[in-house]
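Engineer: There's a structure below that I have some questions on.
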Amino acid sequence: MTEPLAPQYNPEQIETELYHRWEAAGSFQPSVRRSAGPPVRPYVVMMPPPNVTAILHMGHGLNNTVQDVLVRLERMRGRATLWLPGTDHAGIATQNVVEKLLAKEGKTRFDLGREAFVERVWAHVKETGGTIIEQLKAIGCSADWSRTYFTFDERMSRAVREAFVRWYEKGLVYRGHYIINWCPRCLTALSNEEAEKNEVDGRIWRLRYPLADGSGSITVATTRPETMLGDTAVAVHPEDGRYRDLVGRELALPLTDRRIPIVADEAVDPTFGSGAVKVTPAHDPLDFEIGRRHDLATLDIMTPDARLNDAVPERFRGLDRFEARKRVVAEFETLGLLEKVENHRHAVGQCYRCDTVVEPRLSDQWFVKMAPLAKPALEAYRSGRLRFIPERRGEEYAQWMENIRDWCISRQLWWGHRIPVWYCDASECGKTTASRTDLTTCPACRGPVRQDEDVLDTWFSSQLVPFSSLGWPERTSDLERYYPGDTLVTAPEILFFWVARMVMSGLDFMGDLPFTTVYLHGTVRDTQHRKMSKSLGNGIDPLDVVRRYGADALRYTIIAGMSVGTDLILDPDDLETSFAPGRNFANKLWNAGRFILGNLHGPVRPLAGPYSNVVGREELCLADRWIIARCDATVVEATAAYERYRLNEAASAVYHFIWSDLADWYIEQIKPRLYGDQPGGDVARAVAARTFEVALHLLHPIMPFITEALWLRRPGRRDGDSLVEAPWPRSDPRARDPEAVGDYGRVQQTIAAIRQIRADYRIDPGELVRAGVIDTKFVGSSPLWQEWQTIRRLGKVSSTTPLVSADGFGVSATVVLPDGTQVFVPLGDVIDVPKERIRLSEERDRLGRLLASQMRKLENHDFLNKAPKEVVEREQEKLKNWTEQLQVITQRLGLLSSP
RNA sequence: GGGCGAAUAGCUCAGCUGGUUCAGAGCGCCUGCCUUACACGCAGGAAGUCGGGGGUUCGAAUCCCUCUUCGCCCACCA
């Protein structure tokens, strides 16, 4: 690490080098080990169960970067941390992917059979799941990988059974015959959350059902005409005058030979449609409830893959539901019973994994009773113990808790935790047993048993992660030490799937919240605001970005571009625009480091405090005091921003300090001192080294690789050094120096003024000009005189001392600084009186307009009376300065117009 | 149908408690520069009625009302 640094930052080389170093030192998981002393409540961040099929997509890149930033930050601030990473891949998605692979071979899961299929999925998961960790390490994530949990490891499996059995014994888990969301493609039940409601432009058909005695008809409306074949009643509102006389009479259900009753039910809205509802108890949740109240038959007319079954007239059997819809409508039309077809926009449930339209289906499923669990979870939020960032997400959470419905947890899949319930086959016993261990005989009658065929919803195991990953139900020391965690960082789309359920199960099983702060970051979207997804082909592979621009560039873009609660828009077709700023910044930092570190040869006097007795305050020049003050202000600003989870603000504060203050101004200022002949080189070295180090600290959570690489290359490093273990910089009141900030600001303004004149007059960059200042306040002792060498170098000025009188040099170009100081460049060969006159008149006019409105403001009695005193004073000060500036400009203009 | 959010430079967005960070940043654009840390750079510049309208206030990008357009969450009107 002592070879000369390359002029261009090479992320691939540096990151790979550090990756191996960190891995060898075990520093991908050093967090908890170092808190061996007194018990420390660690800062815990959890990783959501990734969708193993996606391996690593931009969402994970974003999520894990935010997590890593917070974890590194807390570690640097002296807190023990624990980052629990894991993969829970027991969901529909994983099964889908393997089914797709099978489809390419022309097979389905049914061809393989349960056991072979599960083995096949396992093989896939092992292959892809293992690479996730390597990929996350590649973007610098420092989670405690040794604690990684996998869905089917022993801990998880045991916890799942324990949770199920406990809830079963408390009566919170029950088996019920209800309408659930069914995906005809995945052939499984879905929870309400998994059935995404999407608005679609559909149609509504008005169908006429004749009365059985032929004395009239009743019209019903439906968006799913095919379900009429399963109708077992028509319902009207009991108070509806139009239909009161018809209640109790029978209808002849068209296309069938069945007769169905007309019933009265409160659930019907008399103002909607015709006020009469066809009742299909087996295929609609509302109808199911109506059917129950009126003791109606339930007629299931569909097969699991949504074809019509043998319960319908023969000509419809085997038809797909959408095909059947057309046939039913056509037949109604032929019979003259189709009254109307209207366009209708309504919400249709779709499977969140495969987008297939969900079919409400009557079946036996396992449910969790949610109301008792939701109550304390809601209370935790209302009492303020559980907080959300951004805050408004808390209301979404509360709303969901208040309207919670029971959770369907059984899935008719083969891949997942199998439901730990056994049914006794003996007809006289028939006992149902939930058990923590596998059963071979019925505990009641010793007869043969068979296990429930279904598996659990993935989120059933995921909700246990905060404690199952720590060894629950055993009371392990990990659990004692790390259980109530601190912060959860995750995506808003799994607020209900995962976050809410972790809160509920944590409160119920552990008696305490699993975390107290939920930070919900935005979603990565493309320029059309679509969520990035594989199927749309608008995704960005984070590893591709890492290869091209480096992990730090990726992380910088993510953090800098995302303010609290907003989404991150990236253009997949233009990675350059998004990620180059991060790469450029890394390169800038690299070169600033190259310069500073390269000049630290020889003894560098330490600078312990800003004005320690090693390098005393009296040795510091204006620029030194200025950069130390700026550095301290950046510490304050960045720390405050980090603490408020405003990571983008922290990023921009450090960016600005490094690029604008340190690189553009300070490094330029100290060059003469470093290059030898000027005094104070060792002071400059000390100050540069110190402020640069602080900047590395502040930036490390966001850009760990490059900051660590530079940190390791500084002189005086020790083996085993790591920035993440170094203490966070503290603000020092002695560093604050408003005088230096103001004075150096005027130096910068002076240089800018000279540069502006040079550019305006197109003076050759190589040509030196004479320049001067008329500084009425500090003649001879002003900072402009002290820093004249800097002004000379950066403004390319030949005058060895500032010229003091503009008039003595003929025509000059002048810029007036806000405090009235005149900066002027005698024009010599490039005299251009008309041009200068235009420049100054424009400036005079601008100031004139500013002054006019300012005077109006200050003549307003209301303003003078009502505005706070400081504000009035400030405004008066402004007026004074502008008047002064205007006077100076007018004066110079006068000189130009005189012959 | 209910709830929430957003609209600021050509693009992506900051702007928190109304007034010296008030009209900003990055990218893009224009003009000069290969100046011994960096052309992934340096210096200078152009560019915005702060979505429309109304109100509150001495003062509004900022607070209130309203309209328009996008987005998100929730919801068993068939």
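Chain labels A, B, ... are given in the sequence in which chains occur in the structure tokens; within each chain residues are numbered consecutively from 1, and ligands are likewise numbered from 1 in the order shown.
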Near region 530-533 of chain A, within 10 Å and counting only C-alpha atoms (C1' of nucleotides), which residues show up once chain neighbours fewer than 5 positions away are dropped, as a PyMOL selection string?
Structural biologist: chain A and resi 54+57-59+523-525+538-540+567-570+572
Engineer: Would you mind exporting the chosen residues as an mmCIF file, in the first residue's frame, restricted to all heavy atoms?
Structural biologist:
data_model
loop_
_atom_site.group_PDB
_atom_site.id
_atom_site.type_symbol
_atom_site.label_atom_id
_atom_site.label_comp_id
_atom_site.auth_asym_id
_atom_site.auth_seq_id
_atom_site.Cartn_x
_atom_site.Cartn_y
_atom_site.Cartn_z
ATOM 1 N N ALA A 54 -35.102 -12.959 -7.472
ATOM 2 C CA ALA A 54 -34.594 -11.751 -8.111
ATOM 3 C C ALA A 54 -33.100 -11.607 -7.861
ATOM 4 O O ALA A 54 -32.457 -10.762 -8.427
ATOM 5 C CB ALA A 54 -35.314 -10.539 -7.566
ATOM 6 N N HIS A 57 -31.662 -7.045 -6.885
ATOM 7 C CA HIS A 57 -32.091 -6.017 -7.828
ATOM 8 C C HIS A 57 -31.902 -4.675 -7.170
ATOM 9 O O HIS A 57 -31.437 -4.555 -6.047
ATOM 10 C CB HIS A 57 -33.524 -6.244 -8.292
ATOM 11 C CG HIS A 57 -34.511 -6.389 -7.183
ATOM 12 N ND1 HIS A 57 -34.836 -5.341 -6.351
ATOM 13 C CD2 HIS A 57 -35.223 -7.449 -6.744
ATOM 14 C CE1 HIS A 57 -35.720 -5.760 -5.468
ATOM 15 N NE2 HIS A 57 -35.964 -7.032 -5.670
ATOM 16 N N MET A 58 -32.261 -3.639 -7.882
ATOM 17 C CA MET A 58 -31.980 -2.290 -7.411
ATOM 18 C C MET A 58 -32.623 -2.031 -6.044
ATOM 19 O O MET A 58 -32.075 -1.318 -5.226
ATOM 20 C CB MET A 58 -32.484 -1.290 -8.444
ATOM 21 C CG MET A 58 -31.745 0.000 -8.414
ATOM 22 S SD MET A 58 -29.973 -0.238 -8.627
ATOM 23 C CE MET A 58 -29.410 1.255 -7.864
ATOM 24 N N GLY A 59 -33.760 -2.617 -5.826
ATOM 25 C CA GLY A 59 -34.432 -2.437 -4.543
ATOM 26 C C GLY A 59 -33.554 -2.909 -3.393
ATOM 27 O O GLY A 59 -33.433 -2.246 -2.373
ATOM 28 N N THR A 523 -39.011 3.859 -3.245
ATOM 29 C CA THR A 523 -38.924 2.768 -4.205
ATOM 30 C C THR A 523 -38.115 3.258 -5.407
ATOM 31 O O THR A 523 -38.203 4.419 -5.770
ATOM 32 C CB THR A 523 -40.343 2.395 -4.676
ATOM 33 O OG1 THR A 523 -41.146 2.160 -3.528
ATOM 34 C CG2 THR A 523 -40.345 1.176 -5.559
ATOM 35 N N VAL A 524 -37.353 2.362 -6.000
ATOM 36 C CA VAL A 524 -36.619 2.750 -7.202
ATOM 37 C C VAL A 524 -37.555 2.627 -8.402
ATOM 38 O O VAL A 524 -38.168 1.582 -8.611
ATOM 39 C CB VAL A 524 -35.402 1.852 -7.450
ATOM 40 C CG1 VAL A 524 -34.506 2.473 -8.506
ATOM 41 C CG2 VAL A 524 -34.633 1.634 -6.179
ATOM 42 N N ARG A 525 -37.648 3.671 -9.155
ATOM 43 C CA ARG A 525 -38.534 3.660 -10.324
ATOM 44 C C ARG A 525 -37.783 4.141 -11.550
ATOM 45 O O ARG A 525 -36.740 4.767 -11.434
ATOM 46 C CB ARG A 525 -39.740 4.573 -10.094
ATOM 47 C CG ARG A 525 -40.618 4.106 -8.956
ATOM 48 C CD ARG A 525 -41.744 5.075 -8.698
ATOM 49 N NE ARG A 525 -42.436 4.702 -7.488
ATOM 50 C CZ ARG A 525 -43.361 3.736 -7.427
ATOM 51 N NH1 ARG A 525 -43.735 3.112 -8.530
ATOM 52 N NH2 ARG A 525 -43.911 3.416 -6.289
ATOM 53 N N ASN A 538 -37.093 -2.955 -17.170
ATOM 54 C CA ASN A 538 -36.607 -1.602 -16.872
ATOM 55 C C ASN A 538 -35.718 -1.600 -15.621
ATOM 56 O O ASN A 538 -35.551 -0.570 -14.989
ATOM 57 C CB ASN A 538 -37.783 -0.646 -16.691
ATOM 58 C CG ASN A 538 -38.650 -1.048 -15.499
ATOM 59 O OD1 ASN A 538 -38.544 -2.163 -15.013
ATOM 60 N ND2 ASN A 538 -39.491 -0.158 -15.054
ATOM 61 N N GLY A 539 -35.194 -2.755 -15.310
ATOM 62 C CA GLY A 539 -34.391 -2.858 -14.098
ATOM 63 C C GLY A 539 -32.951 -2.407 -14.316
ATOM 64 O O GLY A 539 -32.487 -2.278 -15.435
ATOM 65 N N ILE A 540 -32.281 -2.153 -13.202
ATOM 66 C CA ILE A 540 -30.850 -1.875 -13.248
ATOM 67 C C ILE A 540 -30.208 -2.905 -12.331
ATOM 68 O O ILE A 540 -30.625 -3.063 -11.198
ATOM 69 C CB ILE A 540 -30.530 -0.460 -12.730
ATOM 70 C CG1 ILE A 540 -31.125 0.598 -13.653
ATOM 71 C CG2 ILE A 540 -29.031 -0.257 -12.616
ATOM 72 C CD1 ILE A 540 -30.978 2.016 -13.142
ATOM 73 N N ASP A 567 -39.493 8.692 -3.682
ATOM 74 C CA ASP A 567 -38.944 7.629 -4.504
ATOM 75 C C ASP A 567 -37.674 8.085 -5.200
ATOM 76 O O ASP A 567 -37.397 9.273 -5.306
ATOM 77 C CB ASP A 567 -39.972 7.188 -5.542
ATOM 78 C CG ASP A 567 -41.119 6.431 -4.883
ATOM 79 O OD1 ASP A 567 -40.924 5.949 -3.757
ATOM 80 O OD2 ASP A 567 -42.190 6.333 -5.488
ATOM 81 N N LEU A 568 -36.950 7.114 -5.696
ATOM 82 C CA LEU A 568 -35.710 7.403 -6.411
ATOM 83 C C LEU A 568 -35.934 7.063 -7.883
ATOM 84 O O LEU A 568 -36.229 5.927 -8.224
ATOM 85 C CB LEU A 568 -34.581 6.547 -5.824
ATOM 86 C CG LEU A 568 -33.210 6.694 -6.452
ATOM 87 C CD1 LEU A 568 -32.662 8.093 -6.240
ATOM 88 C CD2 LEU A 568 -32.265 5.669 -5.864
ATOM 89 N N ILE A 569 -35.817 8.079 -8.734
ATOM 90 C CA ILE A 569 -36.042 7.854 -10.155
ATOM 91 C C ILE A 569 -34.693 7.682 -10.845
ATOM 92 O O ILE A 569 -33.829 8.546 -10.744
ATOM 93 C CB ILE A 569 -36.775 9.058 -10.798
ATOM 94 C CG1 ILE A 569 -37.982 9.477 -9.979
ATOM 95 C CG2 ILE A 569 -37.131 8.754 -12.247
ATOM 96 C CD1 ILE A 569 -39.151 8.588 -10.052
ATOM 97 N N LEU A 570 -34.514 6.576 -11.507
ATOM 98 C CA LEU A 570 -33.281 6.340 -12.252
ATOM 99 C C LEU A 570 -33.637 5.923 -13.663
ATOM 100 O O LEU A 570 -34.635 5.242 -13.883
ATOM 101 C CB LEU A 570 -32.455 5.232 -11.583
ATOM 102 C CG LEU A 570 -31.941 5.497 -10.168
ATOM 103 C CD1 LEU A 570 -31.250 4.254 -9.627
ATOM 104 C CD2 LEU A 570 -31.005 6.681 -10.149
ATOM 105 N N PRO A 572 -32.850 3.642 -16.590
ATOM 106 C CA PRO A 572 -32.079 2.439 -16.902
ATOM 107 C C PRO A 572 -31.301 2.573 -18.211
ATOM 108 O O PRO A 572 -30.315 1.875 -18.426
ATOM 109 C CB PRO A 572 -33.134 1.335 -17.027
ATOM 110 C CG PRO A 572 -34.444 1.957 -16.709
ATOM 111 C CD PRO A 572 -34.294 3.435 -16.635
#
Engineer: For a quick test of understanding: name the residues of chain A lying within 7 Å of chain B when counting only C-alpha atoms (C1' of nucleotides), and present them as a PDB file with N, CA, C and O atoms, in the first residue's frame.
Structural biologist:
ATOM      1  N   PRO A   7      -3.346   8.279 -10.863  1.00  0.00           N
ATOM      2  CA  PRO A   7      -4.094   9.527 -10.983  1.00  0.00           C
ATOM      3  C   PRO A   7      -5.588   9.303 -11.145  1.00  0.00           C
ATOM      4  O   PRO A   7      -6.365  10.218 -10.933  1.00  0.00           O
ATOM      5  N   ALA A 221     -77.375  -6.892 -11.926  1.00  0.00           N
ATOM      6  CA  ALA A 221     -76.175  -6.448 -12.634  1.00  0.00           C
ATOM      7  C   ALA A 221     -74.993  -7.273 -12.152  1.00  0.00           C
ATOM      8  O   ALA A 221     -74.925  -7.671 -10.990  1.00  0.00           O
ATOM      9  N   THR A 222     -74.073  -7.541 -13.070  1.00  0.00           N
ATOM     10  CA  THR A 222     -72.893  -8.303 -12.666  1.00  0.00           C
ATOM     11  C   THR A 222     -71.705  -7.962 -13.553  1.00  0.00           C
ATOM     12  O   THR A 222     -71.867  -7.584 -14.716  1.00  0.00           O
ATOM     13  N   ASP A 269     -77.438  -2.598  -1.461  1.00  0.00           N
ATOM     14  CA  ASP A 269     -77.581  -1.155  -1.586  1.00  0.00           C
ATOM     15  C   ASP A 269     -78.664  -0.869  -2.614  1.00  0.00           C
ATOM     16  O   ASP A 269     -78.468  -1.099  -3.806  1.00  0.00           O
ATOM     17  N   PHE A 272     -77.846   1.307  -5.802  1.00  0.00           N
ATOM     18  CA  PHE A 272     -76.885   0.935  -6.837  1.00  0.00           C
ATOM     19  C   PHE A 272     -77.535   0.025  -7.873  1.00  0.00           C
ATOM     20  O   PHE A 272     -78.256  -0.905  -7.516  1.00  0.00           O
ATOM     21  N   VAL A 277     -79.524  -7.929  -6.362  1.00  0.00           N
ATOM     22  CA  VAL A 277     -78.206  -8.553  -6.493  1.00  0.00           C
ATOM     23  C   VAL A 277     -78.363 -10.053  -6.685  1.00  0.00           C
ATOM     24  O   VAL A 277     -79.109 -10.709  -5.957  1.00  0.00           O
ATOM     25  N   PRO A 285     -67.513 -13.068  -1.739  1.00  0.00           N
ATOM     26  CA  PRO A 285     -67.523 -12.986  -0.278  1.00  0.00           C
ATOM     27  C   PRO A 285     -68.802 -12.372   0.299  1.00  0.00           C
ATOM     28  O   PRO A 285     -69.305 -12.838   1.318  1.00  0.00           O
ATOM     29  N   LEU A 286     -69.298 -11.329  -0.361  1.00  0.00           N
ATOM     30  CA  LEU A 286     -70.525 -10.714   0.137  1.00  0.00           C
ATOM     31  C   LEU A 286     -71.703 -11.676   0.007  1.00  0.00           C
ATOM     32  O   LEU A 286     -72.514 -11.829   0.922  1.00  0.00           O
ATOM     33  N   THR A 577     -25.659   9.308 -16.524  1.00  0.00           N
ATOM     34  CA  THR A 577     -26.183  10.494 -15.858  1.00  0.00           C
ATOM     35  C   THR A 577     -26.400  10.252 -14.370  1.00  0.00           C
ATOM     36  O   THR A 577     -26.143  11.121 -13.542  1.00  0.00           O
ATOM     37  N   ARG A 583     -19.175   8.609  -9.322  1.00  0.00           N
ATOM     38  CA  ARG A 583     -17.848   8.210  -9.780  1.00  0.00           C
ATOM     39  C   ARG A 583     -16.919   9.424  -9.815  1.00  0.00           C
ATOM     40  O   ARG A 583     -15.782   9.372  -9.367  1.00  0.00           O
ATOM     41  N   ASN A 584     -17.437  10.530 -10.327  1.00  0.00           N
ATOM     42  CA  ASN A 584     -16.622  11.745 -10.403  1.00  0.00           C
ATOM     43  C   ASN A 584     -16.210  12.216  -9.010  1.00  0.00           C
ATOM     44  O   ASN A 584     -15.077  12.643  -8.800  1.00  0.00           O
ATOM     45  N   ASN A 587     -13.519  10.082  -7.703  1.00  0.00           N
ATOM     46  CA  ASN A 587     -12.259  10.440  -8.352  1.00  0.00           C
ATOM     47  C   ASN A 587     -11.696  11.737  -7.781  1.00  0.00           C
ATOM     48  O   ASN A 587     -10.489  11.863  -7.571  1.00  0.00           O
ATOM     49  N   LYS A 588     -12.577  12.686  -7.524  1.00  0.00           N
ATOM     50  CA  LYS A 588     -12.147  13.963  -6.948  1.00  0.00           C
ATOM     51  C   LYS A 588     -11.518  13.736  -5.579  1.00  0.00           C
ATOM     52  O   LYS A 588     -10.439  14.247  -5.275  1.00  0.00           O
ATOM     53  N   ASN A 591      -8.148  12.130  -5.782  1.00  0.00           N
ATOM     54  CA  ASN A 591      -7.064  13.022  -6.172  1.00  0.00           C
ATOM     55  C   ASN A 591      -6.726  14.038  -5.096  1.00  0.00           C
ATOM     56  O   ASN A 591      -5.561  14.409  -4.932  1.00  0.00           O
ATOM     57  N   ALA A 592      -7.743  14.493  -4.374  1.00  0.00           N
ATOM     58  CA  ALA A 592      -7.470  15.373  -3.239  1.00  0.00           C
ATOM     59  C   ALA A 592      -6.597  14.608  -2.243  1.00  0.00           C
ATOM     60  O   ALA A 592      -5.621  15.133  -1.703  1.00  0.00           O
ATOM     61  N   ARG A 594      -4.685  12.028  -2.938  1.00  0.00           N
ATOM     62  CA  ARG A 594      -3.385  11.814  -3.554  1.00  0.00           C
ATOM     63  C   ARG A 594      -2.481  13.023  -3.293  1.00  0.00           C
ATOM     64  O   ARG A 594      -1.320  12.902  -2.943  1.00  0.00           O
ATOM     65  N   PHE A 595      -3.076  14.192  -3.448  1.00  0.00           N
ATOM     66  CA  PHE A 595      -2.298  15.413  -3.245  1.00  0.00           C
ATOM     67  C   PHE A 595      -1.891  15.580  -1.787  1.00  0.00           C
ATOM     68  O   PHE A 595      -0.724  15.791  -1.474  1.00  0.00           O
ATOM     69  N   GLN A 756     -13.751  37.052 -12.999  1.00  0.00           N
ATOM     70  CA  GLN A 756     -14.890  37.472 -13.812  1.00  0.00           C
ATOM     71  C   GLN A 756     -14.466  38.525 -14.823  1.00  0.00           C
ATOM     72  O   GLN A 756     -14.828  38.470 -15.997  1.00  0.00           O
ATOM     73  N   ALA A 759     -12.598  36.899 -17.582  1.00  0.00           N
ATOM     74  CA  ALA A 759     -13.439  36.184 -18.529  1.00  0.00           C
ATOM     75  C   ALA A 759     -14.229  37.151 -19.388  1.00  0.00           C
ATOM     76  O   ALA A 759     -14.347  36.979 -20.603  1.00  0.00           O
ATOM     77  N   PRO A 765      -5.726  33.186 -20.731  1.00  0.00           N
ATOM     78  CA  PRO A 765      -5.520  32.535 -19.429  1.00  0.00           C
ATOM     79  C   PRO A 765      -4.079  32.594 -18.959  1.00  0.00           C
ATOM     80  O   PRO A 765      -3.811  32.560 -17.766  1.00  0.00           O
ATOM     81  N   ASP A 862     -46.089  49.592   8.497  1.00  0.00           N
ATOM     82  CA  ASP A 862     -46.516  48.300   9.019  1.00  0.00           C
ATOM     83  C   ASP A 862     -45.320  47.385   9.214  1.00  0.00           C
ATOM     84  O   ASP A 862     -45.190  46.701  10.220  1.00  0.00           O
ATOM     85  N   PHE A 863     -44.443  47.412   8.191  1.00  0.00           N
ATOM     86  CA  PHE A 863     -43.257  46.563   8.290  1.00  0.00           C
ATOM     87  C   PHE A 863     -42.411  46.973   9.482  1.00  0.00           C
ATOM     88  O   PHE A 863     -41.992  46.151  10.287  1.00  0.00           O
ATOM     89  N   LYS A 866     -44.388  46.038  12.755  1.00  0.00           N
ATOM     90  CA  LYS A 866     -44.791  44.660  13.054  1.00  0.00           C
ATOM     91  C   LYS A 866     -43.682  43.624  12.923  1.00  0.00           C
ATOM     92  O   LYS A 866     -43.716  42.603  13.588  1.00  0.00           O
ATOM     93  N   ALA A 867     -42.738  43.862  12.041  1.00  0.00           N
ATOM     94  CA  ALA A 867     -41.689  42.850  11.865  1.00  0.00           C
ATOM     95  C   ALA A 867     -40.756  42.868  13.068  1.00  0.00           C
ATOM     96  O   ALA A 867     -40.577  43.907  13.703  1.00  0.00           O
ATOM     97  N   VAL A 871     -35.097  41.581  12.107  1.00  0.00           N
ATOM     98  CA  VAL A 871     -35.371  41.560  10.675  1.00  0.00           C
ATOM     99  C   VAL A 871     -35.257  42.974  10.109  1.00  0.00           C
ATOM    100  O   VAL A 871     -34.638  43.192   9.060  1.00  0.00           O
TER     101      VAL A 871
END
Engineer: Could you please determine the separation between CA of Gly681 (chain A) and CA of Trp728 (chain A) in Å, to one decimal place?
Structural biologist: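 One can read the CA of Gly681 (chain A) to CA of Trp728 (chain A) distance as 27.6 Å.
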Engineer: At a cut-off of 12 Å, using only C-alpha atoms (C1' of nucleotides), what residues contact U66 (chain B)? Leave out same-chain residues fewer than 4 positions from it and give the result as number ranges by chain.
Structural biologist: B: 52-55
Engineer: Run DSSP on the backbone and grab whatever in region 241-286 of chain A lands in helix (DSSP H, G or I); send it over as a list in words.
Structural biologist: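 Checking each residue of region 241-286 of chain A, the helix (DSSP H, G or I) ones are Arg244, Asp245, Leu246, Pro285 and Leu286 of chain A.
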Engineer: Can those selected residues be exported to a file as a compact mmCIF listing (two decimals), in the first residue's frame so that it contains N, CA, C and O atoms?
Structural biologist:
# COMPACT_ATOMS: atom_id res chain seq x y z
N ARG A 244 -90.65 -5.20 -2.62
CA ARG A 244 -91.17 -5.76 -1.38
C ARG A 244 -92.11 -6.95 -1.64
O ARG A 244 -91.98 -8.00 -1.00
N ASP A 245 -92.95 -6.80 -2.64
CA ASP A 245 -93.93 -7.86 -2.91
C ASP A 245 -93.29 -9.12 -3.49
O ASP A 245 -93.88 -10.19 -3.46
N LEU A 246 -92.10 -8.94 -4.04
CA LEU A 246 -91.48 -10.10 -4.71
C LEU A 246 -90.72 -11.00 -3.75
O LEU A 246 -90.39 -12.13 -4.08
N PRO A 285 -67.51 -13.07 -1.74
CA PRO A 285 -67.52 -12.99 -0.28
C PRO A 285 -68.80 -12.37 0.30
O PRO A 285 -69.31 -12.84 1.32
N LEU A 286 -69.30 -11.33 -0.36
CA LEU A 286 -70.52 -10.71 0.14
C LEU A 286 -71.70 -11.68 0.01
O LEU A 286 -72.51 -11.83 0.92
